[in-house]
file upload-v9.json (JSON, C-alpha atoms and all ligand atoms)
[["chain", "number", "residue", "atom", "x", "y", "z"],
["A", 1, "MET", "CA", 85.16, 238.12, 77.26],
["A", 2, "THR", "CA", 85.37, 234.35, 77.02],
["A", 3, "PHE", "CA", 82.15, 232.44, 76.43],
["A", 4, "ARG", "CA", 82.30, 229.57, 78.93],
["A", 5, "ALA", "CA", 80.66, 226.28, 77.99],
["A", 6, "THR", "CA", 80.40, 223.74, 80.78],
["A", 7, "ILE", "CA", 79.04, 220.39, 79.65],
["A", 8, "LEU", "CA", 77.72, 217.84, 82.12],
["A", 9, "THR", "CA", 77.98, 214.42, 80.51],
["A", 10, "LEU", "CA", 78.80, 210.78, 81.08],
["A", 11, "TYR", "CA", 81.19, 211.06, 78.12],
["A", 12, "PRO", "CA", 83.47, 214.05, 78.69],
["A", 13, "ALA", "CA", 85.87, 212.70, 76.04],
["A", 14, "MET", "CA", 83.28, 213.67, 73.39],
["A", 15, "PHE", "CA", 84.24, 217.35, 73.94],
["A", 16, "PRO", "CA", 85.34, 219.50, 72.26],
["A", 17, "GLY", "CA", 85.27, 216.75, 69.60],
["A", 18, "PRO", "CA", 84.44, 218.31, 66.22],
["A", 19, "LEU", "CA", 84.40, 221.76, 67.85],
["A", 20, "GLY", "CA", 88.17, 221.45, 68.30],
["A", 21, "LEU", "CA", 88.58, 221.86, 64.53],
["A", 22, "SER", "CA", 87.91, 224.52, 61.92],
["A", 23, "LEU", "CA", 86.17, 227.77, 62.91],
["A", 24, "ALA", "CA", 85.20, 226.71, 66.45],
["A", 25, "GLY", "CA", 88.60, 225.09, 67.02],
["A", 26, "ARG", "CA", 90.44, 228.24, 66.05],
["A", 27, "ALA", "CA", 88.16, 230.29, 68.31],
["A", 28, "LEU", "CA", 88.90, 227.83, 71.12],
["A", 29, "ASP", "CA", 92.67, 228.22, 70.58],
["A", 30, "GLU", "CA", 92.24, 231.99, 70.57],
["A", 31, "GLY", "CA", 90.42, 231.87, 73.89],
["A", 32, "ARG", "CA", 87.15, 233.26, 72.53],
["A", 33, "TRP", "CA", 85.34, 230.41, 74.23],
["A", 34, "SER", "CA", 86.24, 227.67, 76.66],
["A", 35, "CYS", "CA", 85.01, 224.07, 76.67],
["A", 36, "GLU", "CA", 84.78, 222.51, 80.12],
["A", 37, "PRO", "CA", 83.30, 219.00, 80.10],
["A", 38, "VAL", "CA", 82.41, 217.61, 83.53],
["A", 39, "ASP", "CA", 81.82, 213.92, 84.20],
["A", 40, "ILE", "CA", 78.42, 213.48, 85.88],
["A", 41, "ARG", "CA", 79.66, 210.16, 87.24],
["A", 42, "ALA", "CA", 82.15, 211.98, 89.46],
["A", 43, "SER", "CA", 79.16, 213.18, 91.49],
["A", 44, "ALA", "CA", 77.90, 209.67, 92.24],
["A", 45, "THR", "CA", 78.27, 208.87, 95.91],
["A", 46, "ASP", "CA", 78.00, 205.09, 96.13],
["A", 47, "ARG", "CA", 80.76, 202.57, 95.75],
["A", 48, "HIS", "CA", 79.74, 201.64, 92.23],
["A", 49, "HIS", "CA", 79.40, 205.27, 91.05],
["A", 50, "THR", "CA", 75.81, 204.67, 90.06],
["A", 51, "VAL", "CA", 74.26, 207.40, 87.89],
["A", 52, "ASP", "CA", 71.07, 205.69, 86.74],
["A", 53, "GLY", "CA", 68.14, 203.66, 87.96],
["A", 54, "THR", "CA", 65.28, 201.60, 86.55],
["A", 55, "PRO", "CA", 62.20, 203.61, 85.53],
["A", 56, "ALA", "CA", 59.54, 203.96, 88.20],
["A", 57, "GLY", "CA", 56.38, 202.29, 86.90],
["A", 58, "GLY", "CA", 58.37, 199.86, 84.81],
["A", 59, "GLY", "CA", 59.41, 199.85, 81.19],
["A", 60, "ALA", "CA", 62.58, 199.59, 79.19],
["A", 61, "GLY", "CA", 65.88, 201.33, 79.77],
["A", 62, "MET", "CA", 67.33, 203.34, 82.61],
["A", 63, "VAL", "CA", 66.84, 206.89, 83.93],
["A", 64, "LEU", "CA", 69.49, 209.41, 84.98],
["A", 65, "ARG", "CA", 69.23, 210.00, 88.72],
["A", 66, "ALA", "CA", 68.10, 213.47, 89.84],
["A", 67, "ASP", "CA", 70.32, 213.52, 92.95],
["A", 68, "VAL", "CA", 73.54, 212.73, 91.09],
["A", 69, "THR", "CA", 72.79, 215.09, 88.19],
["A", 70, "ALA", "CA", 71.78, 217.93, 90.53],
["A", 71, "ALA", "CA", 74.99, 217.50, 92.56],
["A", 72, "ALA", "CA", 77.03, 217.78, 89.35],
["A", 73, "LEU", "CA", 75.04, 220.85, 88.33],
["A", 74, "ASP", "CA", 75.22, 222.58, 91.71],
["A", 75, "ALA", "CA", 79.01, 222.25, 91.67],
["A", 76, "VAL", "CA", 79.29, 224.39, 88.52],
["A", 77, "ALA", "CA", 76.16, 226.62, 88.62],
["A", 78, "ASP", "CA", 77.10, 230.30, 88.59],
["A", 79, "GLY", "CA", 74.23, 232.16, 86.97],
["A", 80, "ARG", "CA", 74.87, 231.11, 83.40],
["A", 81, "PRO", "CA", 71.77, 229.62, 81.72],
["A", 82, "VAL", "CA", 71.39, 225.90, 82.29],
["A", 83, "LEU", "CA", 70.14, 223.98, 79.25],
["A", 84, "ALA", "CA", 69.15, 220.32, 79.32],
["A", 85, "MET", "CA", 69.14, 218.52, 75.99],
["A", 86, "THR", "CA", 65.91, 216.58, 75.63],
["A", 87, "PRO", "CA", 63.46, 215.77, 72.81],
["A", 88, "ARG", "CA", 60.74, 216.95, 75.23],
["A", 89, "GLY", "CA", 62.22, 220.47, 75.24],
["A", 90, "THR", "CA", 61.45, 223.68, 73.38],
["A", 91, "PRO", "CA", 62.77, 223.47, 69.81],
["A", 92, "LEU", "CA", 66.03, 225.42, 69.49],
["A", 93, "THR", "CA", 65.83, 228.54, 67.32],
["A", 94, "GLN", "CA", 68.37, 230.96, 65.91],
["A", 95, "ALA", "CA", 66.86, 233.66, 68.13],
["A", 96, "ARG", "CA", 67.55, 231.61, 71.27],
["A", 97, "VAL", "CA", 71.04, 230.77, 70.01],
["A", 98, "ARG", "CA", 71.70, 234.51, 69.60],
["A", 99, "GLY", "CA", 70.50, 235.13, 73.14],
["A", 100, "ILE", "CA", 72.77, 232.47, 74.60],
["A", 101, "ALA", "CA", 75.77, 233.59, 72.52],
["A", 102, "ALA", "CA", 75.33, 237.15, 73.83],
["A", 103, "GLY", "CA", 75.76, 235.96, 77.43],
["A", 104, "ALA", "CA", 78.62, 234.70, 79.58],
["A", 105, "GLY", "CA", 78.23, 231.11, 78.45],
["A", 106, "ALA", "CA", 76.07, 228.09, 79.19],
["A", 107, "ILE", "CA", 75.88, 224.99, 81.30],
["A", 108, "VAL", "CA", 74.66, 222.12, 79.14],
["A", 109, "LEU", "CA", 73.21, 218.90, 80.52],
["A", 110, "CYS", "CA", 73.50, 215.83, 78.30],
["A", 111, "GLY", "CA", 71.03, 213.01, 78.89],
["A", 112, "ARG", "CA", 71.60, 209.33, 78.25],
["A", 113, "PHE", "CA", 69.44, 206.22, 78.51],
["A", 114, "GLU", "CA", 65.73, 207.19, 78.68],
["A", 115, "GLY", "CA", 66.62, 210.66, 79.90],
["A", 116, "PHE", "CA", 66.47, 212.63, 83.17],
["A", 117, "ASP", "CA", 64.42, 212.08, 86.33],
["A", 118, "GLU", "CA", 61.69, 214.73, 85.91],
["A", 119, "ARG", "CA", 62.14, 216.06, 89.46],
["A", 120, "LEU", "CA", 65.43, 217.59, 88.36],
["A", 121, "PHE", "CA", 63.46, 220.10, 86.28],
["A", 122, "GLU", "CA", 61.11, 220.88, 89.16],
["A", 123, "ALA", "CA", 63.92, 221.47, 91.62],
["A", 124, "ARG", "CA", 66.34, 223.52, 89.52],
["A", 125, "ARG", "CA", 66.01, 226.36, 87.03],
["A", 126, "ILE", "CA", 66.69, 224.48, 83.80],
["A", 127, "GLU", "CA", 65.68, 225.25, 80.23],
["A", 128, "GLN", "CA", 64.75, 222.10, 78.31],
["A", 129, "VAL", "CA", 65.92, 222.26, 74.72],
["A", 130, "SER", "CA", 65.29, 219.98, 71.74],
["A", 131, "ILE", "CA", 67.29, 220.15, 68.51],
["A", 132, "GLY", "CA", 64.56, 218.50, 66.45],
["A", 133, "ASP", "CA", 61.88, 215.85, 66.23],
["A", 134, "TYR", "CA", 64.07, 212.77, 66.19],
["A", 135, "ILE", "CA", 65.80, 210.75, 68.90],
["A", 136, "LEU", "CA", 69.55, 210.70, 69.46],
["A", 137, "SER", "CA", 71.30, 208.13, 71.63],
["A", 138, "GLY", "CA", 72.55, 210.87, 73.94],
["A", 139, "GLY", "CA", 72.54, 214.60, 74.54],
["A", 140, "GLU", "CA", 76.20, 215.07, 73.56],
["A", 141, "ALA", "CA", 75.57, 215.43, 69.83],
["A", 142, "ALA", "CA", 72.76, 217.89, 70.63],
["A", 143, "ALA", "CA", 75.10, 219.88, 72.90],
["A", 144, "LEU", "CA", 77.67, 220.03, 70.09],
["A", 145, "VAL", "CA", 74.99, 221.40, 67.78],
["A", 146, "LEU", "CA", 73.95, 224.04, 70.30],
["A", 147, "LEU", "CA", 77.53, 225.11, 71.01],
["A", 148, "ASP", "CA", 78.52, 225.16, 67.34],
["A", 149, "ALA", "CA", 75.60, 227.49, 66.64],
["A", 150, "CYS", "CA", 76.62, 229.76, 69.55],
["A", 151, "VAL", "CA", 80.36, 229.84, 68.95],
["A", 152, "ARG", "CA", 80.14, 230.97, 65.32],
["A", 153, "LEU", "CA", 78.27, 234.07, 66.55],
["A", 154, "LEU", "CA", 80.90, 235.11, 69.10],
["A", 155, "PRO", "CA", 82.74, 238.34, 68.30],
["A", 156, "GLY", "CA", 85.70, 237.76, 65.98],
["A", 157, "VAL", "CA", 84.88, 234.16, 65.15],
["A", 158, "MET", "CA", 83.40, 234.54, 61.68],
["A", 159, "GLY", "CA", 85.75, 237.33, 60.65],
["A", 160, "ALA", "CA", 84.82, 239.60, 57.78],
["A", 161, "ALA", "CA", 82.57, 237.05, 56.08],
["A", 162, "SER", "CA", 79.25, 238.76, 56.82],
["A", 163, "SER", "CA", 78.01, 238.63, 60.37],
["A", 164, "GLY", "CA", 75.68, 235.94, 59.13],
["A", 165, "ASP", "CA", 72.88, 238.47, 58.89],
["A", 166, "ASP", "CA", 71.71, 237.21, 55.51],
["A", 167, "GLU", "CA", 71.56, 233.61, 56.47],
["A", 168, "SER", "CA", 68.64, 231.25, 56.68],
["A", 169, "PHE", "CA", 66.35, 232.09, 59.63],
["A", 170, "GLU", "CA", 68.04, 235.40, 60.43],
["A", 171, "THR", "CA", 65.53, 237.14, 58.18],
["A", 172, "GLY", "CA", 62.72, 234.72, 58.90],
["A", 173, "LEU", "CA", 63.29, 233.23, 55.44],
["A", 174, "LEU", "CA", 65.50, 230.49, 54.07],
["A", 175, "GLU", "CA", 68.59, 231.91, 52.42],
["A", 176, "TYR", "CA", 68.78, 232.18, 48.63],
["A", 177, "PRO", "CA", 70.84, 229.48, 46.82],
["A", 178, "HIS", "CA", 74.55, 229.92, 46.04],
["A", 179, "TYR", "CA", 76.71, 229.29, 42.97],
["A", 180, "THR", "CA", 80.43, 229.49, 42.17],
["A", 181, "ARG", "CA", 82.73, 228.71, 39.25],
["A", 182, "PRO", "CA", 82.91, 227.04, 36.88],
["A", 183, "VAL", "CA", 80.23, 229.12, 35.17],
["A", 184, "GLU", "CA", 79.18, 226.03, 33.24],
["A", 185, "TRP", "CA", 79.13, 222.59, 34.83],
["A", 186, "GLU", "CA", 77.58, 219.48, 33.28],
["A", 187, "GLY", "CA", 75.71, 221.73, 30.89],
["A", 188, "ARG", "CA", 74.26, 223.87, 33.69],
["A", 189, "THR", "CA", 75.04, 227.56, 33.92],
["A", 190, "ILE", "CA", 74.94, 230.00, 36.80],
["A", 191, "PRO", "CA", 71.77, 232.16, 36.61],
["A", 192, "GLN", "CA", 72.52, 235.07, 34.30],
["A", 193, "VAL", "CA", 71.42, 237.73, 36.77],
["A", 194, "LEU", "CA", 74.19, 236.71, 39.19],
["A", 195, "ARG", "CA", 76.75, 237.37, 36.46],
["A", 196, "SER", "CA", 75.24, 240.71, 35.45],
["A", 197, "GLY", "CA", 77.12, 242.84, 37.98],
["A", 198, "ASP", "CA", 73.84, 244.71, 38.57],
["A", 199, "HIS", "CA", 73.70, 244.74, 42.36],
["A", 200, "ALA", "CA", 70.12, 245.93, 42.60],
["A", 201, "ARG", "CA", 68.88, 243.20, 40.25],
["A", 202, "ILE", "CA", 70.95, 240.61, 42.11],
["A", 203, "ALA", "CA", 69.48, 241.69, 45.44],
["A", 204, "ALA", "CA", 65.96, 241.53, 44.00],
["A", 205, "TRP", "CA", 66.58, 238.06, 42.55],
["A", 206, "ARG", "CA", 67.94, 236.82, 45.88],
["A", 207, "GLN", "CA", 64.99, 238.21, 47.81],
["A", 208, "ALA", "CA", 62.47, 236.72, 45.39],
["A", 209, "THR", "CA", 64.20, 233.33, 45.38],
["A", 210, "ALA", "CA", 64.41, 233.29, 49.18],
["A", 211, "GLU", "CA", 60.68, 233.99, 49.35],
["A", 212, "THR", "CA", 59.69, 231.36, 46.78],
["A", 213, "ASP", "CA", 61.90, 228.69, 48.32],
["A", 214, "THR", "CA", 60.62, 229.42, 51.81],
["A", 215, "ARG", "CA", 57.00, 229.27, 50.65],
["A", 216, "LEU", "CA", 57.54, 225.93, 48.88],
["A", 217, "ARG", "CA", 59.94, 224.23, 51.29],
["A", 218, "ARG", "CA", 58.91, 225.63, 54.65],
["A", 219, "PRO", "CA", 55.29, 226.73, 54.66],
["A", 220, "ASP", "CA", 55.54, 226.96, 58.47],
["A", 221, "LEU", "CA", 58.29, 229.62, 58.26],
["A", 222, "TRP", "CA", 56.51, 231.39, 55.43],
["A", 223, "GLU", "CA", 53.29, 231.71, 57.38],
["A", 224, "ARG", "CA", 55.11, 233.20, 60.35],
["A", 225, "HIS", "CA", 57.03, 235.56, 58.09],
["A", 226, "GLU", "CA", 53.86, 236.76, 56.36],
["A", 227, "GLY", "CA", 52.03, 236.99, 59.67],
["A", 228, "ALA", "CA", 54.80, 239.17, 61.08],
["A", 229, "ARG", "CA", 54.56, 241.49, 58.07],
["A", 230, "VAL", "CA", 50.81, 241.84, 58.36],
["A", 231, "ARG", "CA", 50.92, 242.49, 62.11],
["A", 232, "SER", "CA", 53.63, 245.11, 61.82],
["A", 233, "PRO", "CA", 51.80, 248.49, 61.51],
["A", 234, "SER", "CA", 54.44, 250.27, 59.42],
["A", 235, "GLY", "CA", 54.64, 247.41, 56.97],
["A", 236, "ALA", "CA", 58.28, 247.09, 57.93],
["A", 237, "ARG", "CA", 59.46, 243.71, 59.05],
["A", 238, "ARG", "CA", 59.62, 243.09, 62.76],
["A", 239, "ASP", "CA", 62.95, 242.71, 64.48],
["A", 240, "LYS", "CA", 64.57, 239.67, 62.91],
["A", 241, "ASP", "CA", 65.16, 237.90, 66.22],
["A", 242, "GLU", "CA", 61.44, 237.90, 66.90],
["A", 243, "THR", "CA", 60.54, 236.22, 63.67],
["A", 244, "THR", "CA", 62.70, 233.17, 64.19],
["A", 301, "LIG", "N1", 63.26, 208.44, 76.10],
["A", 301, "LIG", "C1", 63.47, 209.77, 75.63],
["A", 301, "LIG", "C2", 64.65, 209.83, 74.67],
["A", 301, "LIG", "C3", 65.97, 209.61, 75.33],
["A", 301, "LIG", "S1", 67.29, 209.75, 74.20],
["A", 301, "LIG", "C4", 62.23, 210.25, 74.89],
["A", 301, "LIG", "O1", 61.61, 209.45, 74.17],
["A", 301, "LIG", "O2", 61.88, 211.43, 75.00],
["A", 301, "LIG", "C5", 68.64, 209.99, 75.30],
["A", 301, "LIG", "C6", 69.13, 211.40, 75.46],
["A", 301, "LIG", "O3", 69.53, 211.91, 74.19],
["A", 301, "LIG", "C7", 68.13, 212.40, 75.99],
["A", 301, "LIG", "O4", 68.07, 212.41, 77.38],
["A", 301, "LIG", "C8", 68.67, 213.71, 75.45],
["A", 301, "LIG", "O5", 69.68, 214.24, 76.28],
["A", 301, "LIG", "C9", 69.31, 213.31, 74.14],
["A", 301, "LIG", "N2", 68.45, 213.58, 72.98],
["A", 301, "LIG", "C10", 67.86, 212.69, 72.17],
["A", 301, "LIG", "N3", 67.16, 213.28, 71.19],
["A", 301, "LIG", "C11", 67.30, 214.61, 71.37],
["A", 301, "LIG", "C12", 66.80, 215.76, 70.69],
["A", 301, "LIG", "N4", 66.01, 215.65, 69.63],
["A", 301, "LIG", "N5", 67.16, 216.98, 71.15],
["A", 301, "LIG", "C13", 67.93, 217.10, 72.24],
["A", 301, "LIG", "N6", 68.44, 216.06, 72.93],
["A", 301, "LIG", "C14", 68.13, 214.82, 72.51]]
call {"tool": "encode", "arguments": {"input": "upload-v9.json", "output": "structure tokens"}}
result
Amino acid sequence: MTFRATILTLYPAMFPGPLGLSLAGRALDEGRWSCEPVDIRASATDRHHTVDGTPAGGGAGMVLRADVTAAALDAVADGRPVLAMTPRGTPLTQARVRGIAAGAGAIVLCGRFEGFDERLFEARRIEQVSIGDYILSGGEAAALVLLDACVRLLPGVMGAASSGDDESFETGLLEYPHYTRPVEWEGRTIPQVLRSGDHARIAAWRQATAETDTRLRRPDLWERHEGARVRSPSGARRDKDETT
């Protein structure tokens, strides 16, 4: 099954962009996903192909028109989830990425200027998604982030190299740190335990390091992780997708 990504944007030439290379690019060539950018401007109906207007109530910048954006969306809507990139949205998580990647694809709306006319979100079923607490100049880079995260999870894309199960967030913890040769570099050596060949000790070291690093670097994640452990009656960790 091909994961279909339809991207509504004023800059269709930005796609697939970096996703045309490396892992995602190979998956694209192999037909594991498709990248279908659609120019929102093609849905403008006036002579000047207007897609934006001045903000009601005044203020700087321009706002993407609801009528034009909805027309572009309606032309491609087919039951796939519709995600609008906006800093006002729900922060994207690995759990949500997994959910999207498990489906038929996604329709992604990229904002520009000051963003979308709010009535768009009242009139259509649209999930508002943020990729973090900072402001980009447009939703395209955010859409590339979302799609990159989805595509690497598609069947066959990551190959034998783990299914990514160990990685940061999948366990509710940051991943442990990595090392490779040379064994000594600028006077620094690889932790002895990793060279011991003792798989049980290595696993214990990795778990302990992941826990310490998460506690120190991401107290927010750590609290959720600990909370999940306490709430779980058996003492076993909850399903990993729920903790992220
Ligand atoms: N005036 C808006 C920001 C607009 S930035 C505000 O302050 O909330 C222009 C566009 O870039 C947005 O419509 C959105 O599509 C995209 N964008 C910017 N930052 C983003 C973020 N953190 N996550 C997702 N999309 C973002």
call {"tool": "closest_residue", "arguments": {"input": "upload-v9.json", "among": "A:Leu221, A:Leu10, A:Val151, A:Ala77", "to": "ligand LIG 301 (chain A)", "atoms": "only C-alpha atoms and all ligand atoms"}}
result
A:Leu10
call {"tool": "closest_residue", "arguments": {"input": "upload-v9.json", "among": "A:Thr93, A:Thr50, A:Thr69, A:Ser196", "to": "Gly115 of chain A", "atoms": "only C-alpha atoms"}}
result
A:Thr69
call {"tool": "atom_distance", "arguments": {"input": "upload-v9.json", "atom1": "atom CA of Phe3 of chain A", "atom2": "atom CA of Leu146 of chain A"}}
result
13.2 Å
call {"tool": "closest_residue", "arguments": {"input": "upload-v9.json", "among": "A:Arg88, A:Arg229, A:Arg152, A:Arg47", "to": "ligand LIG 301 (chain A)", "atoms": "all atoms listed in the file"}}
result
A:Arg88
call {"tool": "residues_around", "arguments": {"input": "upload-v9.json", "residues": "segment 138-142 of chain A", "least_positions_apart": "3", "cutoff": "9 Å", "atoms": "all atoms listed in the file", "output": "ChimeraX atom specification"}}
result
/A:7,9,11-12,14-15,84-86,109-113,115,130-131,135,145-147
call {"tool": "closest_residue", "arguments": {"input": "upload-v9.json", "among": "A:Glu175, A:Glu118, A:Asp39, A:Glu127", "to": "Ala71 of chain A", "atoms": "all atoms listed in the file"}}
result
A:Asp39
call {"tool": "closest_residue", "arguments": {"input": "upload-v9.json", "among": "A:Leu83, A:Ala104, A:Val76, A:Leu21", "to": "ligand LIG 301 (chain A)", "atoms": "all atoms listed in the file"}}
result
A:Leu83
call {"tool": "residues_near_point", "arguments": {"input": "upload-v9.json", "point": "(67.1, 233.0, 54.7)", "cutoff": "10 Å", "atoms": "all atoms listed in the file", "output": "ChimeraX atom specification"}}
result
/A:165-177,206-207,209-211,213-214
call {"tool": "closest_residue", "arguments": {"input": "upload-v9.json", "among": "A:Pro191, A:Pro182, A:Pro81, A:Gly61", "to": "ligand LIG 301 (chain A)", "atoms": "all atoms listed in the file"}}
result
A:Gly61
call {"tool": "residues_around", "arguments": {"input": "upload-v9.json", "residues": "Glu114 of chain A", "least_positions_apart": "6", "cutoff": "9 Å", "atoms": "only C-alpha atoms", "output": "PDB file with C-alpha atoms, keeping the file's coordinate frame"}}
result
ATOM      1  CA  PRO A  55      62.200 203.610  85.530  1.00  0.00           C
ATOM      2  CA  ALA A  60      62.580 199.590  79.190  1.00  0.00           C
ATOM      3  CA  GLY A  61      65.880 201.330  79.770  1.00  0.00           C
ATOM      4  CA  MET A  62      67.330 203.340  82.610  1.00  0.00           C
ATOM      5  CA  VAL A  63      66.840 206.890  83.930  1.00  0.00           C
ATOM      6  CA  LEU A  64      69.490 209.410  84.980  1.00  0.00           C
TER       7      LEU A  64
END
call {"tool": "residues_around", "arguments": {"input": "upload-v9.json", "residues": "Thr2 of chain A", "least_positions_apart": "3", "cutoff": "12 Å", "atoms": "only C-alpha atoms", "output": "number ranges by chain"}}
result
A: 5, 27-35, 101-106, 151, 154-157
call {"tool": "atom_distance", "arguments": {"input": "upload-v9.json", "atom1": "atom CA of Ala203 of chain A", "atom2": "atom CA of Leu92 of chain A"}}
result
29.2 Å
call {"tool": "residues_near_point", "arguments": {"input": "upload-v9.json", "point": "(65.8, 221.4, 87.6)", "cutoff": "10 Å", "atoms": "all atoms listed in the file", "output": "list of chain:residue names"}}
result
A:Ala66, A:Thr69, A:Ala70, A:Leu73, A:Val82, A:Leu83, A:Ala84, A:Phe116, A:Asp117, A:Glu118, A:Arg119, A:Leu120, A:Phe121, A:Glu122, A:Ala123, A:Arg124, A:Arg125, A:Ile126, A:Glu127, A:Gln128
call {"tool": "atom_distance", "arguments": {"input": "upload-v9.json", "atom1": "atom CA of Thr45 of chain A", "atom2": "atom CA of Ala72 of chain A"}}
result
11.1 Å
call {"tool": "build_atoms", "arguments": {"input": "upload-v9.json", "residues": "segment 219-226 of chain A", "atoms": "all heavy atoms", "output": "PDB file, in the frame of the given file"}}
result
ATOM      1  N   PRO A 219      56.513 225.953  54.490  1.00  0.00           N
ATOM      2  CA  PRO A 219      55.290 226.730  54.660  1.00  0.00           C
ATOM      3  C   PRO A 219      55.109 227.245  56.099  1.00  0.00           C
ATOM      4  O   PRO A 219      54.503 228.288  56.302  1.00  0.00           O
ATOM      5  CB  PRO A 219      54.177 225.757  54.264  1.00  0.00           C
ATOM      6  CG  PRO A 219      54.818 224.451  53.964  1.00  0.00           C
ATOM      7  CD  PRO A 219      56.280 224.650  53.861  1.00  0.00           C
ATOM      8  N   ASP A 220      55.652 226.518  57.068  1.00  0.00           N
ATOM      9  CA  ASP A 220      55.540 226.960  58.470  1.00  0.00           C
ATOM     10  C   ASP A 220      56.281 228.286  58.677  1.00  0.00           C
ATOM     11  O   ASP A 220      55.765 229.220  59.287  1.00  0.00           O
ATOM     12  CB  ASP A 220      56.082 225.880  59.413  1.00  0.00           C
ATOM     13  CG  ASP A 220      57.528 225.496  59.111  1.00  0.00           C
ATOM     14  OD1 ASP A 220      57.911 225.410  57.922  1.00  0.00           O
ATOM     15  OD2 ASP A 220      58.300 225.284  60.063  1.00  0.00           O
ATOM     16  N   LEU A 221      57.504 228.376  58.150  1.00  0.00           N
ATOM     17  CA  LEU A 221      58.290 229.620  58.260  1.00  0.00           C
ATOM     18  C   LEU A 221      57.619 230.748  57.484  1.00  0.00           C
ATOM     19  O   LEU A 221      57.574 231.887  57.919  1.00  0.00           O
ATOM     20  CB  LEU A 221      59.695 229.420  57.689  1.00  0.00           C
ATOM     21  CG  LEU A 221      60.746 228.698  58.505  1.00  0.00           C
ATOM     22  CD1 LEU A 221      62.069 228.737  57.760  1.00  0.00           C
ATOM     23  CD2 LEU A 221      60.892 229.335  59.877  1.00  0.00           C
ATOM     24  N   TRP A 222      57.107 230.395  56.304  1.00  0.00           N
ATOM     25  CA  TRP A 222      56.510 231.390  55.430  1.00  0.00           C
ATOM     26  C   TRP A 222      55.299 232.045  56.090  1.00  0.00           C
ATOM     27  O   TRP A 222      55.127 233.255  56.065  1.00  0.00           O
ATOM     28  CB  TRP A 222      56.127 230.760  54.089  1.00  0.00           C
ATOM     29  CG  TRP A 222      55.495 231.722  53.144  1.00  0.00           C
ATOM     30  CD1 TRP A 222      54.203 231.735  52.714  1.00  0.00           C
ATOM     31  CD2 TRP A 222      56.129 232.851  52.532  1.00  0.00           C
ATOM     32  NE1 TRP A 222      53.986 232.780  51.881  1.00  0.00           N
ATOM     33  CE2 TRP A 222      55.153 233.498  51.743  1.00  0.00           C
ATOM     34  CE3 TRP A 222      57.417 233.386  52.582  1.00  0.00           C
ATOM     35  CZ2 TRP A 222      55.421 234.641  50.999  1.00  0.00           C
ATOM     36  CZ3 TRP A 222      57.694 234.519  51.843  1.00  0.00           C
ATOM     37  CH2 TRP A 222      56.701 235.137  51.066  1.00  0.00           C
ATOM     38  N   GLU A 223      54.491 231.212  56.721  1.00  0.00           N
ATOM     39  CA  GLU A 223      53.290 231.710  57.380  1.00  0.00           C
ATOM     40  C   GLU A 223      53.652 232.677  58.491  1.00  0.00           C
ATOM     41  O   GLU A 223      53.039 233.734  58.641  1.00  0.00           O
ATOM     42  CB  GLU A 223      52.524 230.517  57.945  1.00  0.00           C
ATOM     43  CG  GLU A 223      51.027 230.713  58.001  1.00  0.00           C
ATOM     44  CD  GLU A 223      50.332 229.401  58.304  1.00  0.00           C
ATOM     45  OE1 GLU A 223      50.345 228.497  57.438  1.00  0.00           O
ATOM     46  OE2 GLU A 223      49.827 229.263  59.426  1.00  0.00           O
ATOM     47  N   ARG A 224      54.681 232.333  59.246  1.00  0.00           N
ATOM     48  CA  ARG A 224      55.110 233.200  60.350  1.00  0.00           C
ATOM     49  C   ARG A 224      55.673 234.513  59.801  1.00  0.00           C
ATOM     50  O   ARG A 224      55.427 235.584  60.319  1.00  0.00           O
ATOM     51  CB  ARG A 224      56.189 232.494  61.185  1.00  0.00           C
ATOM     52  CG  ARG A 224      55.796 232.382  62.642  1.00  0.00           C
ATOM     53  CD  ARG A 224      56.910 231.790  63.470  1.00  0.00           C
ATOM     54  NE  ARG A 224      57.387 230.522  62.926  1.00  0.00           N
ATOM     55  CZ  ARG A 224      58.522 229.959  63.296  1.00  0.00           C
ATOM     56  NH1 ARG A 224      59.300 230.542  64.184  1.00  0.00           N
ATOM     57  NH2 ARG A 224      58.903 228.810  62.778  1.00  0.00           N
ATOM     58  N   HIS A 225      56.424 234.392  58.724  1.00  0.00           N
ATOM     59  CA  HIS A 225      57.030 235.560  58.090  1.00  0.00           C
ATOM     60  C   HIS A 225      55.952 236.510  57.581  1.00  0.00           C
ATOM     61  O   HIS A 225      55.986 237.705  57.841  1.00  0.00           O
ATOM     62  CB  HIS A 225      57.892 235.080  56.914  1.00  0.00           C
ATOM     63  CG  HIS A 225      58.521 236.160  56.122  1.00  0.00           C
ATOM     64  ND1 HIS A 225      59.610 236.871  56.570  1.00  0.00           N
ATOM     65  CD2 HIS A 225      58.210 236.677  54.911  1.00  0.00           C
ATOM     66  CE1 HIS A 225      59.942 237.768  55.659  1.00  0.00           C
ATOM     67  NE2 HIS A 225      59.114 237.674  54.651  1.00  0.00           N
ATOM     68  N   GLU A 226      54.962 235.950  56.894  1.00  0.00           N
ATOM     69  CA  GLU A 226      53.860 236.760  56.360  1.00  0.00           C
ATOM     70  C   GLU A 226      53.044 237.349  57.491  1.00  0.00           C
ATOM     71  O   GLU A 226      52.656 238.516  57.453  1.00  0.00           O
ATOM     72  CB  GLU A 226      52.971 235.900  55.462  1.00  0.00           C
ATOM     73  CG  GLU A 226      53.602 235.625  54.124  1.00  0.00           C
ATOM     74  CD  GLU A 226      53.919 236.911  53.381  1.00  0.00           C
ATOM     75  OE1 GLU A 226      53.031 237.442  52.711  1.00  0.00           O
ATOM     76  OE2 GLU A 226      55.067 237.398  53.485  1.00  0.00           O
TER      77      GLU A 226
END
